[in-house]
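Undergrad: Contents of model37.cif (mmCIF, C-alpha atoms and all ligand atoms) are given next:
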```cif
data_query
#
loop_
_atom_site.label_atom_id
_atom_site.label_comp_id
_atom_site.auth_asym_id
_atom_site.auth_seq_id
_atom_site.Cartn_x
_atom_site.Cartn_y
_atom_site.Cartn_z
CA MET B 1 -19.81 15.91 4.46
CA ALA B 2 -19.85 17.08 0.85
CA ILE B 3 -17.66 14.96 -1.43
CA SER B 4 -16.06 16.90 -4.27
CA ARG B 5 -15.90 15.62 -7.82
CA ARG B 6 -12.10 15.59 -7.52
CA THR B 7 -12.33 13.36 -4.47
CA LEU B 8 -14.70 10.98 -6.23
CA ALA B 9 -12.24 10.69 -9.15
CA HIS B 10 -9.55 9.34 -6.80
CA ILE B 11 -11.51 6.67 -4.95
CA LEU B 12 -10.04 3.23 -5.62
CA THR B 13 -12.64 0.47 -5.48
CA THR B 14 -12.87 -3.21 -6.19
CA HIS B 15 -16.08 -5.03 -7.07
CA HIS B 16 -16.41 -8.76 -6.47
CA LEU B 17 -12.75 -9.45 -7.24
CA GLN B 18 -11.73 -13.03 -7.71
CA ALA B 19 -8.12 -14.07 -8.38
CA ARG B 20 -6.68 -17.49 -9.08
CA TYR B 21 -3.31 -19.14 -9.39
CA ASP B 22 -3.88 -22.06 -11.76
CA GLY B 23 -6.92 -23.75 -10.20
CA PHE B 24 -6.47 -22.25 -6.70
CA THR B 25 -8.75 -19.35 -5.71
CA ALA B 26 -6.62 -16.87 -3.71
CA LEU B 27 -9.20 -14.04 -3.68
CA ASP B 28 -12.94 -14.51 -3.68
CA ASP B 29 -15.62 -11.85 -4.02
CA VAL B 30 -13.56 -8.99 -2.56
CA THR B 31 -15.40 -5.67 -2.65
CA LEU B 32 -13.66 -2.74 -1.01
CA THR B 33 -13.28 1.04 -1.12
CA VAL B 34 -10.05 2.98 -0.55
CA PRO B 35 -11.11 6.61 -0.14
CA PRO B 36 -8.85 9.70 -0.33
CA GLY B 37 -7.84 11.17 3.01
CA HIS B 38 -8.30 7.84 4.78
CA ILE B 39 -6.01 5.06 5.95
CA THR B 40 -7.54 1.69 5.18
CA ALA B 41 -5.82 -1.38 6.66
CA ILE B 42 -5.94 -5.04 5.65
CA ILE B 43 -5.05 -7.65 8.24
CA GLY B 44 -5.25 -11.43 8.22
CA PRO B 45 -3.20 -14.58 8.61
CA ASN B 46 -0.51 -15.75 6.22
CA GLY B 47 -2.01 -16.90 2.95
CA ALA B 48 -5.25 -14.90 3.43
CA GLY B 49 -4.79 -13.19 0.04
CA LYS B 50 -3.54 -9.75 1.12
CA THR B 51 -0.60 -9.62 -1.27
CA THR B 52 -2.72 -11.04 -4.09
CA LEU B 53 -5.21 -8.21 -3.52
CA PHE B 54 -2.31 -5.72 -3.81
CA HIS B 55 -1.20 -7.36 -7.05
CA CYS B 56 -4.71 -6.97 -8.47
CA LEU B 57 -4.84 -3.30 -7.42
CA ALA B 58 -1.36 -2.51 -8.74
CA GLY B 59 -1.84 -4.37 -12.03
CA THR B 60 0.67 -7.18 -11.50
CA HIS B 61 -1.95 -9.93 -11.36
CA ARG B 62 -5.03 -10.03 -13.55
CA PRO B 63 -8.18 -11.03 -11.64
CA ALA B 64 -10.29 -13.87 -13.01
CA HIS B 65 -13.50 -11.95 -12.25
CA GLY B 66 -14.57 -8.59 -10.91
CA GLN B 67 -13.41 -5.03 -11.42
CA VAL B 68 -10.91 -2.47 -10.16
CA LEU B 69 -12.02 1.16 -10.57
CA LEU B 70 -10.22 4.46 -10.04
CA GLY B 71 -13.10 6.88 -9.72
CA THR B 72 -15.44 5.81 -12.49
CA ARG B 73 -12.65 4.51 -14.71
CA ASP B 74 -12.37 0.75 -15.07
CA ILE B 75 -8.64 -0.05 -14.72
CA THR B 76 -9.01 -3.83 -14.31
CA ARG B 77 -7.06 -4.52 -17.47
CA LEU B 78 -4.54 -1.69 -17.29
CA PRO B 79 -0.91 -2.78 -16.85
CA ALA B 80 1.04 -1.75 -13.75
CA HIS B 81 3.00 1.11 -15.38
CA ALA B 82 -0.21 2.71 -16.67
CA ARG B 83 -1.73 2.57 -13.17
CA THR B 84 1.41 4.20 -11.77
CA ARG B 85 0.92 7.03 -14.27
CA LEU B 86 -2.66 7.43 -13.04
CA GLY B 87 -1.33 7.89 -9.51
CA ILE B 88 -1.37 4.43 -7.90
CA ALA B 89 1.97 3.77 -6.21
CA ARG B 90 3.03 0.80 -4.14
CA THR B 91 5.79 -0.48 -1.90
CA PHE B 92 6.70 -4.13 -1.49
CA GLN B 93 6.81 -6.60 1.38
CA GLN B 94 10.25 -7.66 0.14
CA LEU B 95 12.19 -4.42 -0.31
CA ALA B 96 12.71 -3.52 -3.94
CA VAL B 97 15.23 -0.68 -4.05
CA PHE B 98 18.07 -0.54 -6.58
CA PRO B 99 21.14 -1.39 -4.48
CA SER B 100 23.74 0.26 -6.71
CA LEU B 101 21.87 3.59 -6.92
CA THR B 102 22.14 6.28 -4.27
CA VAL B 103 19.17 7.08 -2.07
CA ALA B 104 18.39 10.23 -4.09
CA ASP B 105 18.64 8.37 -7.43
CA ASN B 106 16.29 5.64 -6.17
CA VAL B 107 13.79 8.35 -5.29
CA ARG B 108 14.25 10.02 -8.70
CA VAL B 109 13.22 6.76 -10.38
CA GLY B 110 9.89 7.09 -8.60
CA ALA B 111 9.46 10.63 -9.90
CA GLU B 112 10.10 9.49 -13.48
CA GLN B 113 7.56 6.67 -13.29
CA GLY B 114 4.88 8.60 -11.47
CA ARG B 115 1.77 10.60 -12.19
CA VAL B 116 3.51 13.95 -12.72
CA ARG B 117 7.18 14.72 -13.30
CA ASP B 118 7.77 17.33 -10.67
CA PRO B 119 11.48 17.74 -9.75
CA ALA B 120 10.43 19.42 -6.49
CA ALA B 121 8.56 16.25 -5.51
CA VAL B 122 11.87 14.38 -5.17
CA GLU B 123 13.20 16.92 -2.68
CA ARG B 124 9.86 16.98 -0.83
CA ALA B 125 9.85 13.19 -0.52
CA LEU B 126 13.49 13.09 0.65
CA ARG B 127 12.74 15.76 3.27
CA LEU B 128 9.53 14.12 4.49
CA LEU B 129 11.31 10.80 5.06
CA GLY B 130 14.42 12.38 6.65
CA LEU B 131 16.65 11.35 3.74
CA ASP B 132 17.81 14.82 2.67
CA GLY B 133 21.05 14.88 4.71
CA PRO B 134 24.23 12.91 3.98
CA LEU B 135 22.09 9.78 3.42
CA ARG B 136 20.93 11.09 0.04
CA SER B 137 24.31 10.38 -1.57
CA MET B 138 24.83 6.91 -0.11
CA PRO B 139 24.34 3.76 -2.19
CA ALA B 140 21.22 1.89 -1.08
CA ALA B 141 23.18 -1.39 -0.86
CA ASP B 142 24.81 -0.51 2.47
CA LEU B 143 21.77 0.79 4.34
CA PRO B 144 19.79 -0.90 7.12
CA THR B 145 16.21 -2.13 6.59
CA GLY B 146 14.57 0.81 8.38
CA THR B 147 16.31 3.29 6.08
CA LEU B 148 15.52 1.24 2.99
CA ARG B 149 11.82 1.20 3.89
CA ARG B 150 11.99 5.00 4.02
CA VAL B 151 13.72 5.04 0.62
CA GLU B 152 10.96 2.87 -0.85
CA LEU B 153 8.27 5.09 0.58
CA ALA B 154 10.05 8.23 -0.64
CA ARG B 155 10.33 6.69 -4.11
CA ALA B 156 6.59 5.98 -4.16
CA LEU B 157 5.83 9.55 -2.99
CA ALA B 158 8.13 11.18 -5.54
CA GLY B 159 5.60 10.36 -8.27
CA SER B 160 2.93 12.39 -6.42
CA PRO B 161 0.54 9.44 -6.06
CA ARG B 162 -3.14 9.76 -5.22
CA VAL B 163 -3.33 6.22 -3.94
CA LEU B 164 -0.56 4.57 -1.94
CA LEU B 165 -0.48 0.78 -1.45
CA LEU B 166 1.90 -0.21 1.36
CA ASP B 167 2.69 -3.90 1.90
CA GLU B 168 3.94 -4.31 5.50
CA PRO B 169 5.62 -0.90 5.76
CA ALA B 170 6.65 -1.48 9.40
CA ALA B 171 8.37 -4.85 8.85
CA GLY B 172 11.91 -4.72 10.26
CA LEU B 173 11.49 -1.25 11.81
CA ASP B 174 12.35 -0.42 15.43
CA THR B 175 9.91 1.37 17.74
CA ALA B 176 11.19 4.87 16.94
CA GLU B 177 11.02 4.17 13.21
CA VAL B 178 7.44 2.87 13.50
CA THR B 179 6.45 6.05 15.36
CA ALA B 180 8.05 8.19 12.65
CA LEU B 181 6.36 6.12 9.92
CA ALA B 182 2.94 6.55 11.56
CA ARG B 183 3.45 10.31 11.63
CA VAL B 184 4.31 10.41 7.92
CA LEU B 185 1.37 8.21 6.90
CA LYS B 186 -1.09 10.31 8.90
CA ALA B 187 0.29 13.46 7.29
CA LEU B 188 -0.15 11.95 3.82
CA ALA B 189 -3.76 11.01 4.57
CA ALA B 190 -4.41 14.50 5.97
CA ASP B 191 -3.16 15.85 2.63
CA GLY B 192 -5.78 13.79 0.78
CA THR B 193 -3.83 10.70 -0.27
CA ALA B 194 -5.73 7.39 -0.18
CA LEU B 195 -3.71 4.82 1.73
CA LEU B 196 -4.18 1.06 1.79
CA VAL B 197 -1.87 -0.68 4.24
CA VAL B 198 -1.30 -4.40 4.75
CA GLU B 199 0.20 -4.68 8.21
CA HIS B 200 0.88 -7.36 10.83
CA ASP B 201 1.62 -4.84 13.62
CA LEU B 202 -1.85 -4.51 15.16
CA ASP B 203 -0.81 -1.69 17.51
CA LEU B 204 0.19 0.31 14.46
CA VAL B 205 -3.08 -0.59 12.71
CA ALA B 206 -5.05 0.50 15.79
CA ASP B 207 -3.17 3.81 15.85
CA LEU B 208 -3.36 4.51 12.12
CA ALA B 209 -6.38 3.05 10.44
CA ASP B 210 -9.74 4.68 9.86
CA THR B 211 -11.11 1.38 8.58
CA VAL B 212 -9.82 -2.18 9.00
CA HIS B 213 -10.74 -5.14 6.79
CA VAL B 214 -9.96 -8.62 8.08
CA MET B 215 -9.18 -11.19 5.39
CA ALA B 216 -9.22 -14.97 5.73
CA ALA B 217 -9.00 -17.60 2.99
CA GLY B 218 -9.32 -15.02 0.21
CA ARG B 219 -12.37 -13.21 1.58
CA ILE B 220 -13.08 -10.12 3.65
CA VAL B 221 -14.66 -11.54 6.80
CA ALA B 222 -14.98 -8.37 8.93
CA SER B 223 -14.77 -4.60 8.30
CA GLY B 224 -15.08 -1.51 10.45
CA PRO B 225 -13.22 0.94 12.67
CA PRO B 226 -10.17 -0.55 14.46
CA ASP B 227 -11.64 -0.50 17.98
CA ARG B 228 -14.48 -2.75 16.83
CA VAL B 229 -12.74 -4.95 14.27
CA LEU B 230 -9.49 -5.57 16.18
CA ASP B 231 -11.48 -6.77 19.21
CA VAL B 232 -13.28 -9.28 17.02
CA ALA B 233 -10.00 -10.38 15.40
CA GLY B 234 -8.43 -10.73 18.87
CA SER B 235 -11.32 -12.72 20.32
CA GLN B 236 -11.10 -15.13 17.37
CA GLU B 237 -7.36 -15.35 18.02
CA THR B 238 -6.72 -14.64 14.36
CA PRO B 239 -2.99 -15.29 13.87
CA VAL B 240 -2.00 -12.08 12.11
N1 LIG B 301 2.38 -17.22 -7.43
C1 LIG B 301 1.58 -18.04 -6.76
N2 LIG B 301 1.27 -19.27 -7.25
C2 LIG B 301 0.45 -20.10 -6.58
N3 LIG B 301 -0.15 -19.80 -5.41
C3 LIG B 301 0.13 -18.60 -4.88
C4 LIG B 301 1.00 -17.67 -5.52
N4 LIG B 301 1.06 -16.55 -4.74
C5 LIG B 301 0.28 -16.80 -3.67
N5 LIG B 301 -0.28 -18.01 -3.76
C6 LIG B 301 -1.21 -18.61 -2.79
O1 LIG B 301 -2.34 -17.75 -2.70
C7 LIG B 301 -2.78 -17.63 -1.35
C8 LIG B 301 -2.77 -16.17 -0.95
O2 LIG B 301 -1.40 -15.73 -0.91
P1 LIG B 301 -1.02 -14.22 -0.56
O3 LIG B 301 0.47 -14.12 -0.71
O4 LIG B 301 -1.86 -13.30 -1.32
O5 LIG B 301 -1.42 -14.17 0.98
P2 LIG B 301 -1.01 -13.10 2.09
O6 LIG B 301 -2.23 -12.85 2.89
O7 LIG B 301 -0.35 -11.94 1.45
O8 LIG B 301 0.07 -13.90 2.95
P3 LIG B 301 1.37 -13.34 3.73
O9 LIG B 301 0.85 -12.64 4.96
O10 LIG B 301 2.12 -14.60 4.06
O11 LIG B 301 2.12 -12.46 2.80
C9 LIG B 301 -1.85 -18.51 -0.52
O12 LIG B 301 -2.48 -19.75 -0.31
C10 LIG B 301 -0.62 -18.67 -1.39
O13 LIG B 301 0.02 -19.90 -1.15
#
```
Using structure tokens, write down the structure that the file contains.
TA:
Amino acid sequence: MAISRRTLAHILTTHHLQARYDGFTALDDVTLTVPPGHITAIIGPNGAGKTTLFHCLAGTHRPAHGQVLLGTRDITRLPAHARTRLGIARTFQQLAVFPSLTVADNVRVGAEQGRVRDPAAVERALRLLGLDGPLRSMPAADLPTGTLRRVELARALAGSPRVLLLDEPAAGLDTAEVTALARVLKALAADGTALLVVEHDLDLVADLADTVHVMAAGRIVASGPPDRVLDVAGSQETPV
């Protein structure tokens, strides 16, 4: 398959990343590629370093060693807001919506912080996540978790990101919401977005991911397509 120059410019990679909290090494020698048009999943037990990896990719934790590249550009030392402008958007394990703002205003914040300021992107994101009806005018404070996860995702999408980092997007969702989420994420990948998903729901990972990386104690210990890697993870009884 020929890879276009545009595609190359949007590949997010890490090279030999190491991250520490005081003296403790939370990430060690993590090298990984997040290509456009693919869904890449990270699984692993609590404390494996998944969220720390996200922090290093999003610019909220500075690695002690190694590099983060977007295409050929070294973004290791760029702050989070500058990475957002380059098209790297994230959602959080702990929901981070503004409770007093309406759904639509939360999503508009994402458009203002994002790569391009496209007013149509707000409406597109609201529509894609099923938030364009009466929900759009409701304050976020009163909404259930499943709806708030959609608001967060819509807010990330409103900035037209090239790379989407999703930290446990299915946490707190019911079965129907997980099915709807999977459909949206596959559509985004089909449109060329690069997705990196940390997820504990292994059925969802098996359904979604093109590539799975298993982390343990700060390292990537297995990588490959889900049918191969999830079998290995299961046979080791990895508590994910
Ligand atoms: N701010 C911090 N200060 C000190 N240690 C931290 C800090 N954040 C994380 N750690 C430690 O770093 C290691 C990796 O944590 P991290 O949150 O990245 O793991 P995780 O795989 O995301 O876990 P979980 O699935 O529970 O979210 C853990 O041992 C954790 O205790």
Undergrad: Show me a table, sorted first by chain and then by increasing residue number, of the residues of segment 182-204 of chain B having an atom at most 8 Å from segment 36-50 of chain B, each with its shortest atom pair and the distance in Å to one decimal, counting only C-alpha atoms and written as a tab-separated table.
TA:
```
residue	atom	partner	partner_atom	distance
B:Lys186	CA	B:Ile39	CA	7.8
B:Leu188	CA	B:Gly37	CA	7.8
B:Ala189	CA	B:Gly37	CA	4.4
B:Ala190	CA	B:Gly37	CA	5.6
B:Asp191	CA	B:Gly37	CA	6.6
B:Gly192	CA	B:Gly37	CA	4.0
B:Thr193	CA	B:Pro36	CA	5.1
B:Ala194	CA	B:Pro36	CA	3.9
B:Leu195	CA	B:Ile39	CA	4.8
B:Leu196	CA	B:Thr40	CA	4.8
B:Val197	CA	B:Ala41	CA	4.7
B:Val198	CA	B:Ile42	CA	4.8
B:Glu199	CA	B:Ile43	CA	6.0
B:His200	CA	B:Ile43	CA	6.5
```
Undergrad: Mind working out the centre and edge lengths of an axis-aligned box for ligand LIG 301 (chain B), all listed atoms inside, 8 Å added to each side, rounded to one decimal in Å and written as AutoDock Vina command-line options?
TA:
```
--center_x -0.2 --center_y -16.0 --center_z -1.2 --size_x 21.2 --size_y 24.2 --size_z 28.4
```
Undergrad: Could you check how far atom CA of Leu128 of chain B sits from atom CA of Ala176 of chain B, in Å to one decimal?
TA: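 Atom-to-atom, atom CA of Leu128 of chain B to atom CA of Ala176 of chain B, that is 15.6 Å.
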Undergrad: Could you tell me how far atom CA of Ala89 of chain B sits from atom CA of Ala141 of chain B, in Å to one decimal place?
TA: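 Those two atoms sit 22.5 Å apart.
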Undergrad: What is the atom CA of His16 of chain B-atom CA of Val68 of chain B distance in Å, reported with one decimal?
TA: 9.1 Å
Undergrad: Pull the neighbourhood of (0.1, -4.8, -11.5) for me: all residues within 9 Å in file coordinates, counting only C-alpha atoms, as a PyMOL selection string.
TA: chain B and resi 54-62+78-81+83
Undergrad: Name the closest residue to ligand LIG 301 (chain B) among the candidates B:Leu204, B:Ala82, B:Ala19, B:Leu157; distances are taken between atoms, counting only C-alpha atoms and all ligand atoms.
TA: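 Under the stated criterion, the closest residue is B:Ala19.
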Undergrad: Using all atoms listed in the file, can you tell me which of B:Ala222, B:Ala125, B:Gln94, B:Val107 comes closest to Ala170 of chain B?
TA: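 Ranked by minimum distance to Ala170 of chain B, first place goes to B:Gln94.
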Undergrad: Write out as a JSON list (two decimals) with C-alpha atoms, in the frame of the given file which residues come within 10 Å of Leu101 of chain B when counting only C-alpha atoms, dropping same-chain ones fewer than 6 positions away.
TA:
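The resulting file, selection23.json, is shown below:
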```json
[["chain", "number", "residue", "atom", "x", "y", "z"],
["B", 107, "VAL", "CA", 13.79, 8.35, -5.29],
["B", 109, "VAL", "CA", 13.22, 6.76, -10.38],
["B", 137, "SER", "CA", 24.31, 10.38, -1.57],
["B", 138, "MET", "CA", 24.83, 6.91, -0.11],
["B", 139, "PRO", "CA", 24.34, 3.76, -2.19],
["B", 140, "ALA", "CA", 21.22, 1.89, -1.08],
["B", 141, "ALA", "CA", 23.18, -1.39, -0.86]]
```
Undergrad: Please complete segment 156-185 of chain B with N, CA and C atoms and give it back as a tab-separated table (two decimals), in the coordinates of the input.
TA:
```tsv
chain	number	residue	atom	x	y	z
B	156	ALA	N	8.02	6.01	-3.80
B	156	ALA	CA	6.59	5.98	-4.16
B	156	ALA	C	6.00	7.39	-4.13
B	157	LEU	N	6.40	8.19	-3.14
B	157	LEU	CA	5.83	9.55	-2.99
B	157	LEU	C	6.33	10.51	-4.06
B	158	ALA	N	7.53	10.24	-4.58
B	158	ALA	CA	8.13	11.18	-5.54
B	158	ALA	C	7.31	11.28	-6.83
B	159	GLY	N	6.47	10.29	-7.10
B	159	GLY	CA	5.60	10.36	-8.27
B	159	GLY	C	4.27	11.05	-7.99
B	160	SER	N	4.16	11.69	-6.82
B	160	SER	CA	2.93	12.39	-6.42
B	160	SER	C	1.68	11.51	-6.55
B	161	PRO	N	1.69	10.35	-5.90
B	161	PRO	CA	0.54	9.44	-6.06
B	161	PRO	C	-0.72	9.96	-5.38
B	162	ARG	N	-1.85	9.48	-5.88
B	162	ARG	CA	-3.14	9.76	-5.22
B	162	ARG	C	-3.53	8.60	-4.33
B	163	VAL	N	-3.03	7.43	-4.71
B	163	VAL	CA	-3.33	6.22	-3.94
B	163	VAL	C	-2.00	5.54	-3.63
B	164	LEU	N	-1.81	5.17	-2.36
B	164	LEU	CA	-0.56	4.57	-1.94
B	164	LEU	C	-0.87	3.20	-1.34
B	165	LEU	N	-0.28	2.15	-1.93
B	165	LEU	CA	-0.48	0.78	-1.45
B	165	LEU	C	0.79	0.35	-0.74
B	166	LEU	N	0.70	0.08	0.56
B	166	LEU	CA	1.90	-0.21	1.36
B	166	LEU	C	1.80	-1.63	1.92
B	167	ASP	N	2.71	-2.51	1.47
B	167	ASP	CA	2.69	-3.90	1.90
B	167	ASP	C	3.67	-4.08	3.05
B	168	GLU	N	3.15	-4.16	4.27
B	168	GLU	CA	3.94	-4.31	5.50
B	168	GLU	C	5.03	-3.25	5.65
B	169	PRO	N	4.62	-1.97	5.70
B	169	PRO	CA	5.62	-0.90	5.76
B	169	PRO	C	6.44	-0.89	7.05
B	170	ALA	N	5.93	-1.53	8.12
B	170	ALA	CA	6.65	-1.48	9.40
B	170	ALA	C	7.54	-2.71	9.62
B	171	ALA	N	7.57	-3.63	8.65
B	171	ALA	CA	8.37	-4.85	8.85
B	171	ALA	C	9.85	-4.49	8.98
B	172	GLY	N	10.48	-4.96	10.06
B	172	GLY	CA	11.91	-4.72	10.26
B	172	GLY	C	12.24	-3.37	10.86
B	173	LEU	N	11.22	-2.57	11.22
B	173	LEU	CA	11.49	-1.25	11.81
B	173	LEU	C	11.54	-1.34	13.34
B	174	ASP	N	12.36	-0.47	13.97
B	174	ASP	CA	12.35	-0.42	15.43
B	174	ASP	C	11.24	0.54	15.89
B	175	THR	N	11.06	0.62	17.21
B	175	THR	CA	9.91	1.37	17.74
B	175	THR	C	9.92	2.84	17.29
B	176	ALA	N	11.09	3.45	17.33
B	176	ALA	CA	11.19	4.87	16.94
B	176	ALA	C	10.85	5.03	15.46
B	177	GLU	N	11.30	4.08	14.65
B	177	GLU	CA	11.02	4.17	13.21
B	177	GLU	C	9.53	3.97	12.92
B	178	VAL	N	8.89	3.08	13.69
B	178	VAL	CA	7.44	2.87	13.50
B	178	VAL	C	6.68	4.15	13.87
B	179	THR	N	7.10	4.80	14.95
B	179	THR	CA	6.45	6.05	15.36
B	179	THR	C	6.60	7.11	14.26
B	180	ALA	N	7.81	7.20	13.71
B	180	ALA	CA	8.05	8.19	12.65
B	180	ALA	C	7.22	7.85	11.40
B	181	LEU	N	7.15	6.55	11.08
B	181	LEU	CA	6.36	6.12	9.92
B	181	LEU	C	4.89	6.50	10.10
B	182	ALA	N	4.36	6.24	11.31
B	182	ALA	CA	2.94	6.55	11.56
B	182	ALA	C	2.68	8.04	11.35
B	183	ARG	N	3.63	8.87	11.79
B	183	ARG	CA	3.45	10.31	11.63
B	183	ARG	C	3.39	10.69	10.15
B	184	VAL	N	4.28	10.10	9.36
B	184	VAL	CA	4.31	10.41	7.92
B	184	VAL	C	3.02	9.95	7.24
B	185	LEU	N	2.57	8.73	7.58
B	185	LEU	CA	1.37	8.21	6.90
B	185	LEU	C	0.13	9.04	7.26
```
